[in-house]
$ cat data_34.csv   # CSV, C-alpha atoms
chain,number,residue,atom,x,y,z
A,12,ALA,CA,-9.1,-6.3,9.5
A,13,GLN,CA,-9.9,-5.2,6.0
A,14,LYS,CA,-6.8,-4.9,3.8
A,15,VAL,CA,-6.0,-4.8,0.1
A,16,THR,CA,-2.4,-5.6,-1.0
A,17,GLN,CA,-0.8,-4.9,-4.3
A,18,THR,CA,2.7,-6.3,-4.2
A,19,GLN,CA,3.8,-5.1,-7.7
A,20,THR,CA,5.1,-1.6,-7.4
A,21,SER,CA,5.7,-1.2,-11.1
A,22,ILE,CA,5.4,-3.1,-14.3
A,23,SER,CA,6.8,-2.3,-17.8
A,24,VAL,CA,5.5,-4.0,-20.9
A,25,VAL,CA,5.7,-3.6,-24.6
A,26,GLU,CA,2.5,-2.3,-26.3
A,27,LYS,CA,0.1,-4.8,-27.8
A,28,THR,CA,1.0,-7.4,-25.2
A,29,THR,CA,-1.0,-8.7,-22.2
A,30,VAL,CA,-0.3,-7.7,-18.7
A,31,THR,CA,-1.6,-9.0,-15.4
A,32,MET,CA,-1.7,-7.0,-12.2
A,33,ASP,CA,-2.1,-8.8,-8.8
A,34,CYS,CA,-4.2,-7.9,-5.9
A,35,VAL,CA,-5.1,-9.8,-2.7
A,36,TYR,CA,-7.5,-8.8,-0.1
A,37,GLU,CA,-8.5,-9.6,3.5
A,38,THR,CA,-12.0,-9.6,4.7
A,39,ARG,CA,-14.2,-11.3,7.2
A,40,ASP,CA,-17.3,-10.3,5.3
A,41,SER,CA,-19.1,-12.9,3.2
A,42,SER,CA,-20.3,-10.3,0.8
A,43,TYR,CA,-18.1,-7.7,-0.7
A,44,PHE,CA,-17.4,-5.8,-3.9
A,45,LEU,CA,-14.0,-5.5,-5.7
A,46,PHE,CA,-13.1,-2.7,-8.0
A,47,TRP,CA,-10.2,-1.7,-10.2
A,48,TYR,CA,-9.4,2.0,-10.9
A,49,LYS,CA,-6.6,3.7,-12.7
A,50,GLN,CA,-5.1,7.1,-11.9
A,51,THR,CA,-4.0,8.9,-15.0
A,52,ALA,CA,-1.0,11.2,-15.3
A,53,SER,CA,-3.3,14.2,-14.7
A,54,GLY,CA,-4.3,12.7,-11.4
A,55,GLU,CA,-7.8,11.7,-12.3
A,56,ILE,CA,-9.2,8.4,-10.9
A,57,VAL,CA,-11.1,6.4,-13.5
A,58,PHE,CA,-13.3,3.4,-12.7
A,59,LEU,CA,-12.4,0.3,-14.9
A,60,ILE,CA,-14.2,-2.8,-13.8
A,61,ARG,CA,-15.9,-4.5,-10.9
A,62,GLN,CA,-16.4,-8.0,-9.4
A,63,ASP,CA,-19.2,-8.9,-7.0
A,64,SER,CA,-18.1,-11.5,-4.5
A,65,TYR,CA,-21.2,-13.7,-5.1
A,66,LYS,CA,-20.6,-13.9,-8.8
A,67,LYS,CA,-18.5,-16.8,-10.1
A,68,GLU,CA,-17.9,-15.5,-13.6
A,69,ASN,CA,-15.0,-13.2,-14.1
A,70,ALA,CA,-16.0,-9.7,-15.2
A,71,THR,CA,-14.9,-8.4,-18.6
A,72,VAL,CA,-15.2,-4.9,-19.9
A,73,GLY,CA,-13.5,-4.0,-23.2
A,74,HIS,CA,-9.8,-5.0,-23.0
A,75,TYR,CA,-10.0,-5.4,-19.2
A,76,SER,CA,-10.8,-8.6,-17.5
A,77,LEU,CA,-10.5,-10.1,-14.0
A,78,ASN,CA,-9.1,-13.3,-12.7
A,79,PHE,CA,-11.2,-13.8,-9.5
A,80,GLN,CA,-10.0,-16.6,-7.3
A,81,LYS,CA,-12.2,-16.3,-4.2
A,82,PRO,CA,-10.5,-19.2,-2.2
A,83,LYS,CA,-7.2,-17.3,-2.6
A,84,SER,CA,-8.8,-13.9,-1.9
A,85,SER,CA,-7.3,-12.7,-5.2
A,86,ILE,CA,-8.6,-10.4,-7.9
A,87,GLY,CA,-6.1,-9.9,-10.7
A,88,LEU,CA,-6.6,-7.4,-13.5
A,89,ILE,CA,-5.7,-8.5,-17.0
A,90,ILE,CA,-5.2,-6.0,-19.8
A,91,THR,CA,-5.0,-7.4,-23.3
A,92,ALA,CA,-3.6,-5.6,-26.3
A,93,THR,CA,-2.0,-2.9,-24.1
A,94,GLN,CA,-1.7,0.6,-25.5
A,95,ILE,CA,0.6,3.4,-24.7
A,96,GLU,CA,-2.3,5.3,-23.1
A,97,ASP,CA,-2.8,2.5,-20.7
A,98,SER,CA,0.2,3.8,-18.8
A,99,ALA,CA,-1.1,4.8,-15.4
A,100,VAL,CA,-1.2,3.7,-11.7
A,101,TYR,CA,-3.7,1.0,-11.2
A,102,PHE,CA,-5.5,0.6,-7.9
A,103,CYS,CA,-7.5,-2.4,-6.6
A,104,ALA,CA,-10.2,-1.5,-4.0
A,105,MET,CA,-12.7,-3.4,-1.8
A,106,ARG,CA,-16.0,-2.4,-0.3
A,107,GLU,CA,-17.5,-4.7,2.4
A,108,VAL,CA,-21.2,-5.0,3.0
A,109,SER,CA,-21.5,-5.9,6.6
A,110,SER,CA,-18.4,-4.6,8.3
A,111,GLY,CA,-20.0,-1.3,9.3
A,112,SER,CA,-17.2,0.6,7.6
A,113,TRP,CA,-18.0,3.0,4.8
A,114,GLN,CA,-14.5,3.2,3.5
A,115,LEU,CA,-13.5,2.0,0.1
A,116,ILE,CA,-10.3,0.2,0.9
A,117,PHE,CA,-7.6,0.9,-1.6
A,118,GLY,CA,-4.4,-1.0,-2.4
A,119,SER,CA,-1.2,0.9,-2.7
A,120,GLY,CA,-1.3,0.8,-6.5
A,121,THR,CA,0.8,-0.6,-9.4
A,122,GLN,CA,2.5,1.7,-11.8
A,123,LEU,CA,2.1,0.4,-15.4
A,124,THR,CA,4.3,1.7,-18.1
A,125,VAL,CA,3.5,0.6,-21.7
A,126,MET,CA,6.4,1.1,-24.1
A,127,PRO,CA,6.4,1.3,-27.8
B,11,ASP,CA,-21.9,10.8,-19.6
B,12,THR,CA,-20.0,9.7,-16.5
B,13,THR,CA,-18.7,13.2,-15.6
B,14,VAL,CA,-18.2,14.5,-12.2
B,15,LYS,CA,-17.2,18.1,-12.0
B,16,GLN,CA,-15.4,20.0,-9.3
B,17,ASN,CA,-14.8,23.6,-8.7
B,18,PRO,CA,-12.4,25.2,-8.3
B,19,ARG,CA,-9.6,23.0,-9.5
B,20,TYR,CA,-7.1,24.8,-7.3
B,21,LYS,CA,-7.7,26.7,-4.1
B,22,LEU,CA,-5.4,28.7,-2.0
B,23,ALA,CA,-6.6,29.5,1.5
B,24,ARG,CA,-5.1,31.1,4.6
B,25,VAL,CA,-4.9,29.4,7.9
B,26,GLY,CA,-8.1,30.0,9.9
B,27,LYS,CA,-10.2,31.0,6.9
B,28,PRO,CA,-13.1,29.0,5.6
B,29,VAL,CA,-13.0,26.9,2.4
B,30,ASN,CA,-16.0,25.8,0.3
B,31,LEU,CA,-15.6,23.3,-2.5
B,32,ILE,CA,-18.2,22.4,-5.0
B,33,CYS,CA,-19.1,19.1,-6.8
B,34,SER,CA,-21.7,18.3,-9.4
B,35,GLN,CA,-22.8,15.3,-11.3
B,36,THR,CA,-25.4,14.8,-14.0
B,37,MET,CA,-25.8,11.0,-13.7
B,38,ASN,CA,-28.7,11.2,-11.3
B,39,HIS,CA,-26.6,9.2,-8.8
B,40,ASP,CA,-28.1,9.0,-5.3
B,41,THR,CA,-24.8,8.8,-3.5
B,42,MET,CA,-22.1,11.4,-3.4
B,43,TYR,CA,-18.8,11.2,-1.6
B,44,TRP,CA,-15.9,13.5,-0.5
B,45,TYR,CA,-12.4,12.1,-0.2
B,46,GLN,CA,-9.2,13.6,1.0
B,47,LYS,CA,-6.0,12.4,-0.8
B,48,LYS,CA,-2.5,13.2,0.2
B,49,PRO,CA,0.6,12.3,-1.8
B,50,ASN,CA,1.5,8.6,-1.7
B,51,GLN,CA,-1.6,7.8,0.3
B,52,ALA,CA,-4.9,6.2,-0.7
B,53,PRO,CA,-8.0,8.4,-0.8
B,54,LYS,CA,-9.6,8.7,2.6
B,55,LEU,CA,-13.4,9.0,2.8
B,56,LEU,CA,-14.5,12.1,4.7
B,57,LEU,CA,-18.2,11.9,4.3
B,58,PHE,CA,-20.9,10.9,1.9
B,59,TYR,CA,-24.6,11.6,1.2
B,60,TYR,CA,-27.0,8.8,0.4
B,61,ASP,CA,-29.9,10.8,-1.0
B,62,LYS,CA,-30.4,13.5,1.6
B,63,ILE,CA,-28.8,11.7,4.5
B,64,LEU,CA,-25.3,12.8,5.5
B,65,ASN,CA,-22.9,10.2,6.9
B,66,ARG,CA,-19.5,11.4,8.3
B,67,GLU,CA,-16.5,9.4,9.4
B,68,ALA,CA,-16.0,9.6,13.2
B,69,ASP,CA,-12.5,11.1,13.0
B,70,THR,CA,-13.6,13.9,10.6
B,71,PHE,CA,-17.0,14.6,12.1
B,72,GLU,CA,-16.1,18.0,13.5
B,73,LYS,CA,-13.7,19.1,10.8
B,74,PHE,CA,-15.8,19.0,7.7
B,75,GLN,CA,-19.3,20.0,6.9
B,76,SER,CA,-21.3,19.3,3.7
B,77,SER,CA,-24.6,20.2,2.1
B,78,ARG,CA,-26.5,18.7,-0.8
B,79,PRO,CA,-29.1,21.2,-1.9
B,80,ASN,CA,-30.3,18.9,-4.7
B,81,ASN,CA,-29.4,15.6,-6.3
B,82,SER,CA,-26.8,17.0,-8.6
B,83,PHE,CA,-24.7,19.2,-6.2
B,84,CYS,CA,-22.7,18.6,-3.1
B,85,SER,CA,-20.4,20.9,-1.2
B,86,LEU,CA,-17.6,20.4,1.2
B,87,TYR,CA,-17.0,23.1,3.8
B,88,ILE,CA,-14.1,23.7,6.1
B,89,GLY,CA,-14.9,26.3,8.7
B,90,SER,CA,-11.3,27.1,9.7
B,91,ALA,CA,-8.5,25.7,7.5
B,92,GLY,CA,-5.4,24.4,9.1
B,93,LEU,CA,-2.1,23.6,7.4
B,94,GLU,CA,-3.0,19.9,7.7
B,95,TYR,CA,-5.9,20.4,5.3
B,96,SER,CA,-3.6,20.9,2.4
B,97,ALA,CA,-4.5,18.0,0.1
B,98,MET,CA,-6.4,16.9,-3.0
B,99,TYR,CA,-10.1,16.7,-2.4
B,100,LEU,CA,-11.9,14.3,-4.6
B,101,CYS,CA,-15.7,14.1,-5.1
B,102,ALA,CA,-17.3,10.9,-6.3
B,103,SER,CA,-20.7,9.6,-7.0
B,104,SER,CA,-22.4,6.3,-7.4
B,105,ARG,CA,-25.8,4.8,-8.2
B,106,GLY,CA,-26.4,2.9,-5.0
B,107,TYR,CA,-24.3,2.5,-1.9
B,108,TYR,CA,-22.1,-0.4,-3.0
B,109,ALA,CA,-21.7,0.5,-6.7
B,110,GLU,CA,-18.7,1.7,-8.5
B,111,GLN,CA,-17.8,5.3,-7.8
B,112,PHE,CA,-17.0,7.8,-10.5
B,113,PHE,CA,-14.5,10.4,-9.4
B,114,GLY,CA,-14.1,14.0,-10.3
B,115,PRO,CA,-10.8,15.6,-11.2
B,116,GLY,CA,-10.3,16.9,-7.7
B,117,THR,CA,-9.6,20.3,-6.1
B,118,ARG,CA,-6.1,20.8,-4.9
B,119,LEU,CA,-6.3,22.8,-1.7
B,120,THR,CA,-3.2,24.6,-0.4
B,121,VAL,CA,-3.4,26.2,3.0
B,122,LEU,CA,-0.8,28.9,3.8
$ encode --input "data_34.csv" --output "structure tokens"
Amino acid sequence: AQKVTQTQTSISVVEKTTVTMDCVYETRDSSYFLFWYKQTASGEIVFLIRQDSYKKENATVGHYSLNFQKPKSSIGLIITATQIEDSAVYFCAMREVSSGSWQLIFGSGTQLTVMP
Amino acid sequence: DTTVKQNPRYKLARVGKPVNLICSQTMNHDTMYWYQKKPNQAPKLLLFYYDKILNREADTFEKFQSSRPNNSFCSLYIGSAGLEYSAMYLCASSRGYYAEQFFGPGTRLTVL
């Protein structure tokens, strides 16, 4: 069954440091898409970065990058040079191609707090 | 501009009354989605339009209706609201069926 698991409930870091958030997924599909979103304090869900399962290169957008380890079904989010405004809940999500499900499967989220 | 707009931001409805929520996007995305989100739960897909074709989840098929009069607008209609409909309703859009989705700010619906 499709499943996305984020085991870190919350993480606190000091600003300007690097943080890694973990995400593992379960799928029988050979083709799938992985996404990271963040939910701000106002409740808005913002798209951050995406990894296509067939791509070997780790995606990078701004100060977000991914650590995609396909054999481990793992897609970690790395934020470098963290800022106070990066404080949010971060969600990992998966979309399968062939399962017949239209759902975007979300993980339970990781609360990131960036301290001065 | 990656803005998805939703109106209203807050909606109060009485049990048994209809509710109509509006979403718009100016990104010329071909796919628009409606999600229901309750506290401490992940967003749940209710339905989506791919171009003019409406796809609804089996367990919400009879509870929610939708229309997409043009590429930019999409509505979510509840014919008779029940207490269990109280939730945040999120609209999203994407270019392509498997692409990243851009979410609106949501409409918080409270049914009394």
$ residues_around --input "data_34.csv" --residues "region 44-57 of chain B" --least-positions-apart "3" --cutoff "7 Å" --atoms "only C-alpha atoms" --output "PyMOL selection string"
(chain A and resi 114+117+119) or (chain B and resi 65-67+70+97-102)
$ write_last_selection --input "data_34.csv" --atoms "C-alpha atoms" --output "PDB file, keeping the file's coordinate frame"
ATOM      1  CA  GLN A 114     -14.500   3.200   3.500  1.00  0.00           C
ATOM      2  CA  PHE A 117      -7.600   0.900  -1.600  1.00  0.00           C
ATOM      3  CA  SER A 119      -1.200   0.900  -2.700  1.00  0.00           C
TER       4      SER A 119
ATOM      5  CA  ASN B  65     -22.900  10.200   6.900  1.00  0.00           C
ATOM      6  CA  ARG B  66     -19.500  11.400   8.300  1.00  0.00           C
ATOM      7  CA  GLU B  67     -16.500   9.400   9.400  1.00  0.00           C
ATOM      8  CA  THR B  70     -13.600  13.900  10.600  1.00  0.00           C
ATOM      9  CA  ALA B  97      -4.500  18.000   0.100  1.00  0.00           C
ATOM     10  CA  MET B  98      -6.400  16.900  -3.000  1.00  0.00           C
ATOM     11  CA  TYR B  99     -10.100  16.700  -2.400  1.00  0.00           C
ATOM     12  CA  LEU B 100     -11.900  14.300  -4.600  1.00  0.00           C
ATOM     13  CA  CYS B 101     -15.700  14.100  -5.100  1.00  0.00           C
ATOM     14  CA  ALA B 102     -17.300  10.900  -6.300  1.00  0.00           C
TER      15      ALA B 102
END
$ atom_distance --input "data_34.csv" --atom1 "CA of Leu88 (chain A)" --atom2 "CA of Pro115 (chain B)"
23.5 Å
$ residues_around --input "data_34.csv" --residues "Phe113 (chain B)" --least-positions-apart "3" --cutoff "10 Å" --atoms "only C-alpha atoms" --output "list in words"
Tyr48, Glu55, Ile56, Val57 and Phe58 of chain A; Thr12, Thr13, Val14, Lys15, Gln16, Gln35, Met42, Tyr43, Trp44, Tyr45, Leu100, Cys101, Ala102, Ser103, Ser104, Glu110 and Gly116 of chain B
$ residues_near_point --input "data_34.csv" --point "(-22.0, 16.7, 2.9)" --cutoff "7 Å" --atoms "only C-alpha atoms" --output "number ranges by chain"
B: 57-59, 64, 75-78, 84-86
$ closest_residue --input "data_34.csv" --among "A:Gly54, A:Ile95, A:Pro82, A:Leu45" --to "Ala70 (chain A)" --atoms "all atoms listed in the file"
A:Leu45
$ atom_distance --input "data_34.csv" --atom1 "CA of Asp69 (chain B)" --atom2 "CA of Tyr101 (chain A)"
27.7 Å
$ closest_residue --input "data_34.csv" --among "A:Arg106, A:Ile86, A:Phe44, A:Thr29" --to "His74 (chain A)" --atoms "only C-alpha atoms"
A:Thr29
$ atom_distance --input "data_34.csv" --atom1 "CA of Phe112 (chain B)" --atom2 "CA of Arg39 (chain A)"
26.2 Å
$ closest_residue --input "data_34.csv" --among "B:Arg24, B:Lys62, B:Lys73, B:Arg19" --to "chain A" --atoms "only C-alpha atoms"
B:Arg19
$ residues_around --input "data_34.csv" --residues "Val29 (chain B)" --least-positions-apart "4" --cutoff "9 Å" --atoms "all atoms listed in the file" --output "NGL selection string"
:B and (21-23 or 86-91 or 119)
$ residues_near_point --input "data_34.csv" --point "(0.9, -4.9, -28.1)" --cutoff "7 Å" --atoms "all atoms listed in the file" --output "count of residues only"
7
$ closest_residue --input "data_34.csv" --among "B:Ile63, B:Val121, B:Ala68, B:Leu93" --to "Asp40 (chain B)" --atoms "all atoms listed in the file"
B:Ile63
$ closest_residue --input "data_34.csv" --among "A:Met32, A:Ala99, A:Ile116, A:Ile90" --to "chain B" --atoms "all atoms listed in the file"
A:Ile116
$ residues_around --input "data_34.csv" --residues "region 66-69 of chain A" --least-positions-apart "6" --cutoff "7 Å" --atoms "only C-alpha atoms" --output "PDB file with C-alpha atoms, in the frame of the given file"
ATOM      1  CA  LEU A  77     -10.500 -10.100 -14.000  1.00  0.00           C
ATOM      2  CA  ASN A  78      -9.100 -13.300 -12.700  1.00  0.00           C
ATOM      3  CA  PHE A  79     -11.200 -13.800  -9.500  1.00  0.00           C
TER       4      PHE A  79
END
$ closest_residue --input "data_34.csv" --among "A:Ile22, A:Val30, A:Asp97, A:Ile89" --to "Thr121 (chain A)" --atoms "all atoms listed in the file"
A:Ile22
$ decode --input "data_34.csv" --residues "region 39-68 of chain A" --atoms "N, CA, C and O atoms" --output "compact mmCIF listing (two decimals), in the first residue's frame"
# COMPACT_ATOMS: atom_id res chain seq x y z
N ARG A 39 4.55 0.32 -4.84
CA ARG A 39 4.81 -0.80 -5.75
C ARG A 39 4.99 -0.30 -7.17
O ARG A 39 5.31 -1.06 -8.07
N ASP A 40 4.78 1.00 -7.33
CA ASP A 40 4.84 1.58 -8.64
C ASP A 40 6.30 1.81 -9.03
O ASP A 40 7.12 2.19 -8.19
N SER A 41 6.63 1.57 -10.28
CA SER A 41 7.99 1.79 -10.74
C SER A 41 8.23 3.25 -11.11
O SER A 41 9.36 3.69 -11.26
N SER A 42 7.14 3.99 -11.25
CA SER A 42 7.25 5.39 -11.63
C SER A 42 6.41 6.22 -10.67
O SER A 42 5.22 5.95 -10.48
N TYR A 43 7.04 7.23 -10.09
CA TYR A 43 6.33 8.05 -9.10
C TYR A 43 7.03 9.39 -8.97
O TYR A 43 8.14 9.58 -9.46
N PHE A 44 6.33 10.30 -8.32
CA PHE A 44 6.87 11.64 -8.13
C PHE A 44 6.84 11.98 -6.64
O PHE A 44 5.88 11.66 -5.95
N LEU A 45 7.89 12.62 -6.18
CA LEU A 45 8.01 12.97 -4.78
C LEU A 45 8.09 14.47 -4.65
O LEU A 45 8.75 15.15 -5.45
N PHE A 46 7.42 15.01 -3.66
CA PHE A 46 7.33 16.45 -3.46
C PHE A 46 7.58 16.79 -1.99
O PHE A 46 7.27 16.02 -1.10
N TRP A 47 8.08 17.99 -1.80
CA TRP A 47 8.13 18.56 -0.46
C TRP A 47 7.35 19.88 -0.47
O TRP A 47 7.52 20.69 -1.39
N TYR A 48 6.51 20.00 0.54
CA TYR A 48 5.73 21.22 0.74
C TYR A 48 5.99 21.72 2.16
O TYR A 48 6.37 20.95 3.03
N LYS A 49 5.74 23.00 2.36
CA LYS A 49 5.73 23.49 3.73
C LYS A 49 4.41 24.20 4.00
O LYS A 49 3.80 24.78 3.09
N GLN A 50 3.98 24.09 5.25
CA GLN A 50 2.76 24.78 5.68
C GLN A 50 3.17 25.88 6.63
O GLN A 50 3.75 25.61 7.70
N THR A 51 2.89 27.11 6.25
CA THR A 51 3.31 28.25 7.05
C THR A 51 2.39 28.44 8.25
O THR A 51 1.35 27.76 8.38
N ALA A 52 2.77 29.36 9.10
CA ALA A 52 1.98 29.63 10.31
C ALA A 52 0.56 30.08 9.96
O ALA A 52 -0.39 29.83 10.72
N SER A 53 0.40 30.69 8.81
CA SER A 53 -0.93 31.15 8.38
C SER A 53 -1.76 30.01 7.81
O SER A 53 -2.94 30.19 7.52
N GLY A 54 -1.15 28.84 7.64
CA GLY A 54 -1.87 27.67 7.15
C GLY A 54 -1.69 27.40 5.67
O GLY A 54 -2.16 26.37 5.17
N GLU A 55 -1.02 28.29 4.97
CA GLU A 55 -0.86 28.09 3.53
C GLU A 55 0.15 26.99 3.25
O GLU A 55 1.16 26.85 3.92
N ILE A 56 -0.15 26.20 2.24
CA ILE A 56 0.72 25.10 1.81
C ILE A 56 1.49 25.57 0.59
O ILE A 56 0.88 25.95 -0.43
N VAL A 57 2.81 25.53 0.68
CA VAL A 57 3.68 26.07 -0.36
C VAL A 57 4.54 24.96 -0.95
O VAL A 57 5.21 24.23 -0.20
N PHE A 58 4.55 24.82 -2.25
CA PHE A 58 5.39 23.85 -2.92
C PHE A 58 6.85 24.29 -2.83
O PHE A 58 7.17 25.46 -3.06
N LEU A 59 7.75 23.33 -2.53
CA LEU A 59 9.16 23.66 -2.41
C LEU A 59 9.99 23.03 -3.53
O LEU A 59 10.73 23.72 -4.23
N ILE A 60 9.91 21.71 -3.68
CA ILE A 60 10.84 21.02 -4.56
C ILE A 60 10.28 19.66 -4.91
O ILE A 60 9.46 19.10 -4.18
N ARG A 61 10.74 19.11 -6.02
CA ARG A 61 10.20 17.86 -6.55
C ARG A 61 11.32 16.95 -7.04
O ARG A 61 12.35 17.42 -7.52
N GLN A 62 11.09 15.64 -6.92
CA GLN A 62 12.02 14.64 -7.44
C GLN A 62 11.23 13.61 -8.25
O GLN A 62 10.28 13.02 -7.72
N ASP A 63 11.62 13.39 -9.49
CA ASP A 63 10.98 12.36 -10.30
C ASP A 63 11.74 11.06 -10.10
O ASP A 63 12.98 11.06 -10.11
N SER A 64 11.04 9.97 -9.98
CA SER A 64 11.67 8.71 -9.59
C SER A 64 12.69 8.21 -10.61
O SER A 64 13.63 7.50 -10.26
N TYR A 65 12.52 8.60 -11.87
CA TYR A 65 13.41 8.11 -12.91
C TYR A 65 14.69 8.95 -13.03
O TYR A 65 15.60 8.61 -13.78
N LYS A 66 14.76 10.03 -12.27
CA LYS A 66 15.95 10.88 -12.34
C LYS A 66 16.93 10.51 -11.24
O LYS A 66 16.55 10.39 -10.07
N LYS A 67 18.18 10.36 -11.61
CA LYS A 67 19.21 9.98 -10.63
C LYS A 67 19.76 11.19 -9.89
O LYS A 67 20.20 11.08 -8.75
N GLU A 68 19.73 12.34 -10.55
CA GLU A 68 20.32 13.53 -9.93
C GLU A 68 19.38 14.06 -8.85
O GLU A 68 18.15 14.08 -9.02
